[in-house]
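*Asks:* Pasting in a structure now, in structure tokens, and then I'll have a few things to ask.
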Amino acid sequence: MVIRKTMSNIEIYNTASALSELFSEMTQAELKLPVKVNFYFQKNMNALVTMAKELENERTNIIIKYGSPDPDNADRVRIDPDKLDVANQELNDLFNLEQEVAINAIELDWFDGINMTPQQVVAITFMIKDEE
């Protein structure tokens, strides 16, 4: 079942980061998930990571727009202090925008017998089907 959630871009960005970290932890711990949990988890993570990459590209464009190469480090861009306020405003505007995100809902009972840390549960709570 697909549910639609309205999320701010900062929520999307942070959730994608948390899910990527969670997936890495689960892989290292060799945590075995049921096929349907793993499938929907992957679909949700891939969608959010794709959106987060788009946000990162736009963030980079804003920084480049208001910045100049750092003379001390060629890999960095320095934003001039006189342009900092306008650059921060554009970044805030970008991350405060909201989008509707299609989330593949996961049933809570699909997790029977799976031990997860509290942090792992928090990271996936948004995709658990709410029994209202």
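By convention here, the chains of the structure tokens are called A, B, ... in the order presented, each chain's residues are numbered starting at 1, and ligands are numbered starting at 1 in the order presented.
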Could you list, as a PDB file with C-alpha atoms, in the first residue's frame, every residue within 9 Å of segment 110-118 of chain A, counting only C-alpha atoms and ignoring same-chain residues fewer than 5 positions away?
*Replies:*
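part20.pdb written:
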```
ATOM      1  CA  LEU A  31      20.281  -8.479   9.996  1.00  0.00           C
ATOM      2  CA  LYS A  32      17.977 -10.584   7.862  1.00  0.00           C
ATOM      3  CA  LEU A  33      14.678  -8.955   6.992  1.00  0.00           C
ATOM      4  CA  PRO A  34      11.681 -10.680   5.442  1.00  0.00           C
ATOM      5  CA  LYS A  36       8.671  -7.869   1.598  1.00  0.00           C
ATOM      6  CA  VAL A  37      10.149  -5.672   4.375  1.00  0.00           C
ATOM      7  CA  ALA A 123      14.491   5.733  11.355  1.00  0.00           C
TER       8      ALA A 123
END
```
*Asks:* Give me every helix (DSSP H, G or I) residue in chain A, going by DSSP on the backbone, as a PDB file with C-alpha atoms, in the first residue's frame.
*Replies:*
```
ATOM      1  CA  ASN A   9      13.055  19.046   1.996  1.00  0.00           C
ATOM      2  CA  ILE A  10      15.105  19.035   5.203  1.00  0.00           C
ATOM      3  CA  GLU A  11      13.064  16.051   6.438  1.00  0.00           C
ATOM      4  CA  ILE A  12      13.679  14.275   3.143  1.00  0.00           C
ATOM      5  CA  TYR A  13      17.408  15.044   3.306  1.00  0.00           C
ATOM      6  CA  ASN A  14      17.761  13.922   6.936  1.00  0.00           C
ATOM      7  CA  THR A  15      15.591  10.828   6.476  1.00  0.00           C
ATOM      8  CA  ALA A  16      17.595   9.719   3.425  1.00  0.00           C
ATOM      9  CA  SER A  17      20.806  10.073   5.434  1.00  0.00           C
ATOM     10  CA  ALA A  18      19.353   8.145   8.371  1.00  0.00           C
ATOM     11  CA  LEU A  19      18.056   5.350   6.131  1.00  0.00           C
ATOM     12  CA  SER A  20      21.392   5.024   4.332  1.00  0.00           C
ATOM     13  CA  GLU A  21      23.170   4.774   7.676  1.00  0.00           C
ATOM     14  CA  LEU A  22      20.588   2.289   8.963  1.00  0.00           C
ATOM     15  CA  PHE A  23      20.936   0.110   5.878  1.00  0.00           C
ATOM     16  CA  SER A  24      24.708   0.107   6.297  1.00  0.00           C
ATOM     17  CA  GLU A  25      24.373  -0.894   9.974  1.00  0.00           C
ATOM     18  CA  MET A  26      21.886  -3.635   9.137  1.00  0.00           C
ATOM     19  CA  THR A  27      24.163  -4.977   6.415  1.00  0.00           C
ATOM     20  CA  GLN A  28      27.170  -5.027   8.746  1.00  0.00           C
ATOM     21  CA  VAL A  35      11.656 -10.237   1.664  1.00  0.00           C
ATOM     22  CA  LYS A  36       8.671  -7.869   1.598  1.00  0.00           C
ATOM     23  CA  VAL A  37      10.149  -5.672   4.375  1.00  0.00           C
ATOM     24  CA  ASN A  38      13.507  -5.506   2.600  1.00  0.00           C
ATOM     25  CA  PHE A  39      11.863  -4.799  -0.769  1.00  0.00           C
ATOM     26  CA  TYR A  40       9.733  -1.895   0.455  1.00  0.00           C
ATOM     27  CA  PHE A  41      12.524  -0.578   2.658  1.00  0.00           C
ATOM     28  CA  GLN A  42      14.822  -0.483  -0.394  1.00  0.00           C
ATOM     29  CA  LYS A  43      12.181   1.208  -2.562  1.00  0.00           C
ATOM     30  CA  ASN A  44      11.547   3.880   0.065  1.00  0.00           C
ATOM     31  CA  MET A  45      15.237   4.435   0.695  1.00  0.00           C
ATOM     32  CA  ASN A  46      16.068   4.671  -3.016  1.00  0.00           C
ATOM     33  CA  ALA A  47      13.297   7.212  -3.628  1.00  0.00           C
ATOM     34  CA  LEU A  48      14.378   9.401  -0.711  1.00  0.00           C
ATOM     35  CA  VAL A  49      18.088   9.132  -1.537  1.00  0.00           C
ATOM     36  CA  THR A  50      17.333  10.218  -5.122  1.00  0.00           C
ATOM     37  CA  MET A  51      15.401  13.225  -3.819  1.00  0.00           C
ATOM     38  CA  ALA A  52      18.205  14.038  -1.358  1.00  0.00           C
ATOM     39  CA  LYS A  53      20.778  13.963  -4.176  1.00  0.00           C
ATOM     40  CA  GLU A  54      18.668  16.480  -6.106  1.00  0.00           C
ATOM     41  CA  LEU A  55      18.549  18.685  -3.008  1.00  0.00           C
ATOM     42  CA  GLU A  56      22.305  18.380  -2.565  1.00  0.00           C
ATOM     43  CA  ASN A  57      22.823  19.436  -6.190  1.00  0.00           C
ATOM     44  CA  GLU A  58      20.606  22.485  -5.681  1.00  0.00           C
ATOM     45  CA  ARG A  59      22.379  23.317  -2.410  1.00  0.00           C
ATOM     46  CA  THR A  60      25.715  23.118  -4.221  1.00  0.00           C
ATOM     47  CA  ASN A  61      24.406  25.400  -6.983  1.00  0.00           C
ATOM     48  CA  ILE A  62      23.374  28.012  -4.407  1.00  0.00           C
ATOM     49  CA  ILE A  63      26.789  27.873  -2.745  1.00  0.00           C
ATOM     50  CA  ILE A  64      28.560  28.219  -6.094  1.00  0.00           C
ATOM     51  CA  LYS A  65      26.241  31.080  -7.078  1.00  0.00           C
ATOM     52  CA  TYR A  66      27.240  33.125  -4.030  1.00  0.00           C
ATOM     53  CA  PRO A  81      30.433  37.637   4.104  1.00  0.00           C
ATOM     54  CA  ASP A  82      28.413  40.288   2.254  1.00  0.00           C
ATOM     55  CA  LYS A  83      26.539  37.524   0.364  1.00  0.00           C
ATOM     56  CA  LEU A  84      26.119  35.186   3.320  1.00  0.00           C
ATOM     57  CA  ASP A  85      22.658  36.391   4.381  1.00  0.00           C
ATOM     58  CA  VAL A  86      21.141  36.048   0.920  1.00  0.00           C
ATOM     59  CA  ALA A  87      22.792  32.642   0.405  1.00  0.00           C
ATOM     60  CA  ASN A  88      21.475  31.419   3.771  1.00  0.00           C
ATOM     61  CA  GLN A  89      18.013  32.698   2.898  1.00  0.00           C
ATOM     62  CA  GLU A  90      17.991  30.747  -0.372  1.00  0.00           C
ATOM     63  CA  LEU A  91      19.247  27.628   1.414  1.00  0.00           C
ATOM     64  CA  ASN A  92      16.538  28.012   4.075  1.00  0.00           C
ATOM     65  CA  ASP A  93      13.908  28.518   1.384  1.00  0.00           C
ATOM     66  CA  LEU A  94      15.097  25.372  -0.400  1.00  0.00           C
ATOM     67  CA  PHE A  95      15.052  23.190   2.701  1.00  0.00           C
ATOM     68  CA  ASN A  96      11.729  24.559   3.981  1.00  0.00           C
ATOM     69  CA  LEU A 108       4.157  -3.653  11.809  1.00  0.00           C
ATOM     70  CA  ASP A 109       3.527  -7.394  12.132  1.00  0.00           C
ATOM     71  CA  TRP A 110       5.988  -8.039   9.273  1.00  0.00           C
ATOM     72  CA  PHE A 111       8.739  -7.311  11.830  1.00  0.00           C
ATOM     73  CA  PRO A 118      15.534   2.093  19.168  1.00  0.00           C
ATOM     74  CA  GLN A 119      17.442   4.259  16.655  1.00  0.00           C
ATOM     75  CA  GLN A 120      16.631   1.814  13.859  1.00  0.00           C
ATOM     76  CA  VAL A 121      12.956   1.821  14.781  1.00  0.00           C
ATOM     77  CA  VAL A 122      12.874   5.632  14.823  1.00  0.00           C
ATOM     78  CA  ALA A 123      14.491   5.733  11.355  1.00  0.00           C
ATOM     79  CA  ILE A 124      11.750   3.587   9.797  1.00  0.00           C
ATOM     80  CA  THR A 125       8.705   4.711  11.809  1.00  0.00           C
ATOM     81  CA  PHE A 126       7.503   7.007   8.997  1.00  0.00           C
ATOM     82  CA  MET A 127       7.037   3.993   6.696  1.00  0.00           C
TER      83      MET A 127
END
```
*Asks:* So that I can check the surroundings of Thr6 of chain A, please list as a list of chain:residue names every protein, DNA and RNA residue that reaches within 10 Å of it, counting only C-alpha atoms and ignoring chain neighbours fewer than 4 positions away.
*Replies:*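 Listing them by chain and then by number gives A:Glu11, A:Ile12, A:Glu98, A:Gln99, A:Glu100, A:Val101, A:Ala102.
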*Asks:* Got time to write the residues from that selection, N, CA, C and O atoms, as a PDB file, in the first residue's frame?
*Replies:*
```pdb
ATOM      1  N   GLU A  11      13.465  17.373   5.946  1.00  0.00           N
ATOM      2  CA  GLU A  11      13.064  16.051   6.438  1.00  0.00           C
ATOM      3  C   GLU A  11      13.471  14.966   5.450  1.00  0.00           C
ATOM      4  O   GLU A  11      13.955  13.900   5.853  1.00  0.00           O
ATOM      5  N   ILE A  12      13.279  15.234   4.177  1.00  0.00           N
ATOM      6  CA  ILE A  12      13.679  14.275   3.143  1.00  0.00           C
ATOM      7  C   ILE A  12      15.184  14.038   3.208  1.00  0.00           C
ATOM      8  O   ILE A  12      15.654  12.900   3.213  1.00  0.00           O
ATOM      9  N   GLU A  98       8.105  22.042   0.820  1.00  0.00           N
ATOM     10  CA  GLU A  98       7.504  20.737   1.100  1.00  0.00           C
ATOM     11  C   GLU A  98       7.190  20.028  -0.197  1.00  0.00           C
ATOM     12  O   GLU A  98       6.890  20.655  -1.214  1.00  0.00           O
ATOM     13  N   GLN A  99       7.282  18.707  -0.127  1.00  0.00           N
ATOM     14  CA  GLN A  99       6.961  17.854  -1.270  1.00  0.00           C
ATOM     15  C   GLN A  99       6.096  16.700  -0.786  1.00  0.00           C
ATOM     16  O   GLN A  99       6.195  16.281   0.368  1.00  0.00           O
ATOM     17  N   GLU A 100       5.302  16.198  -1.692  1.00  0.00           N
ATOM     18  CA  GLU A 100       4.551  14.998  -1.381  1.00  0.00           C
ATOM     19  C   GLU A 100       5.401  13.804  -1.808  1.00  0.00           C
ATOM     20  O   GLU A 100       5.919  13.769  -2.926  1.00  0.00           O
ATOM     21  N   VAL A 101       5.557  12.868  -0.893  1.00  0.00           N
ATOM     22  CA  VAL A 101       6.421  11.718  -1.125  1.00  0.00           C
ATOM     23  C   VAL A 101       5.573  10.449  -1.067  1.00  0.00           C
ATOM     24  O   VAL A 101       4.780  10.277  -0.135  1.00  0.00           O
ATOM     25  N   ALA A 102       5.738   9.589  -2.052  1.00  0.00           N
ATOM     26  CA  ALA A 102       5.037   8.301  -2.054  1.00  0.00           C
ATOM     27  C   ALA A 102       5.865   7.305  -1.242  1.00  0.00           C
ATOM     28  O   ALA A 102       7.030   7.052  -1.549  1.00  0.00           O
TER      29      ALA A 102
END
```
*Asks:* Between atom CA of Leu97 of chain A and atom CA of Gly67 of chain A, what is the distance, to one decimal in Å?
*Replies:*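 That distance, rounded to one decimal, is 22.8 Å.
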*Asks:* Expressed in Å to a single decimal, how great is the separation between atom CA of Ile128 of chain A and atom CA of Ile3 of chain A?
*Replies:*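 Answer for the atom CA of Ile128 of chain A to atom CA of Ile3 of chain A separation: 10.1 Å.
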*Asks:* I want to know what sits within 8 Å of Val2 of chain A, based on only C-alpha atoms, with residues of the same chain fewer than 5 positions away left out; could you give that as a list in words?
*Replies:*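 With the cut-off at 8 Å, the set is Ala102, Ile103, Asn104 and Ala105 of chain A.
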*Asks:* Among chain A, which ones does DSSP place in strand (DSSP E or B), written as a list of chain:residue names?
*Replies:*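 So, restricting chain A to strand (DSSP E or B), we get A:Val2, A:Ile3, A:Arg4, A:Lys5, A:Thr6, A:Met7, A:Ser8, A:Gly67, A:Ser68, A:Pro69, A:Asp70, A:Asn73, A:Ala74, A:Asp75, A:Arg76, A:Val77, A:Arg78, A:Ile79, A:Glu98, A:Gln99, A:Glu100, A:Val101, A:Ala102, A:Ile103, A:Asn104, A:Ile106, A:Ile128.
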*Asks:* Would you work out the distance separating atom CA of Ile106 of chain A from atom CA of Lys129 of chain A, expressed in Å to one decimal?
*Replies:*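 One can read the atom CA of Ile106 of chain A to atom CA of Lys129 of chain A distance as 5.6 Å.
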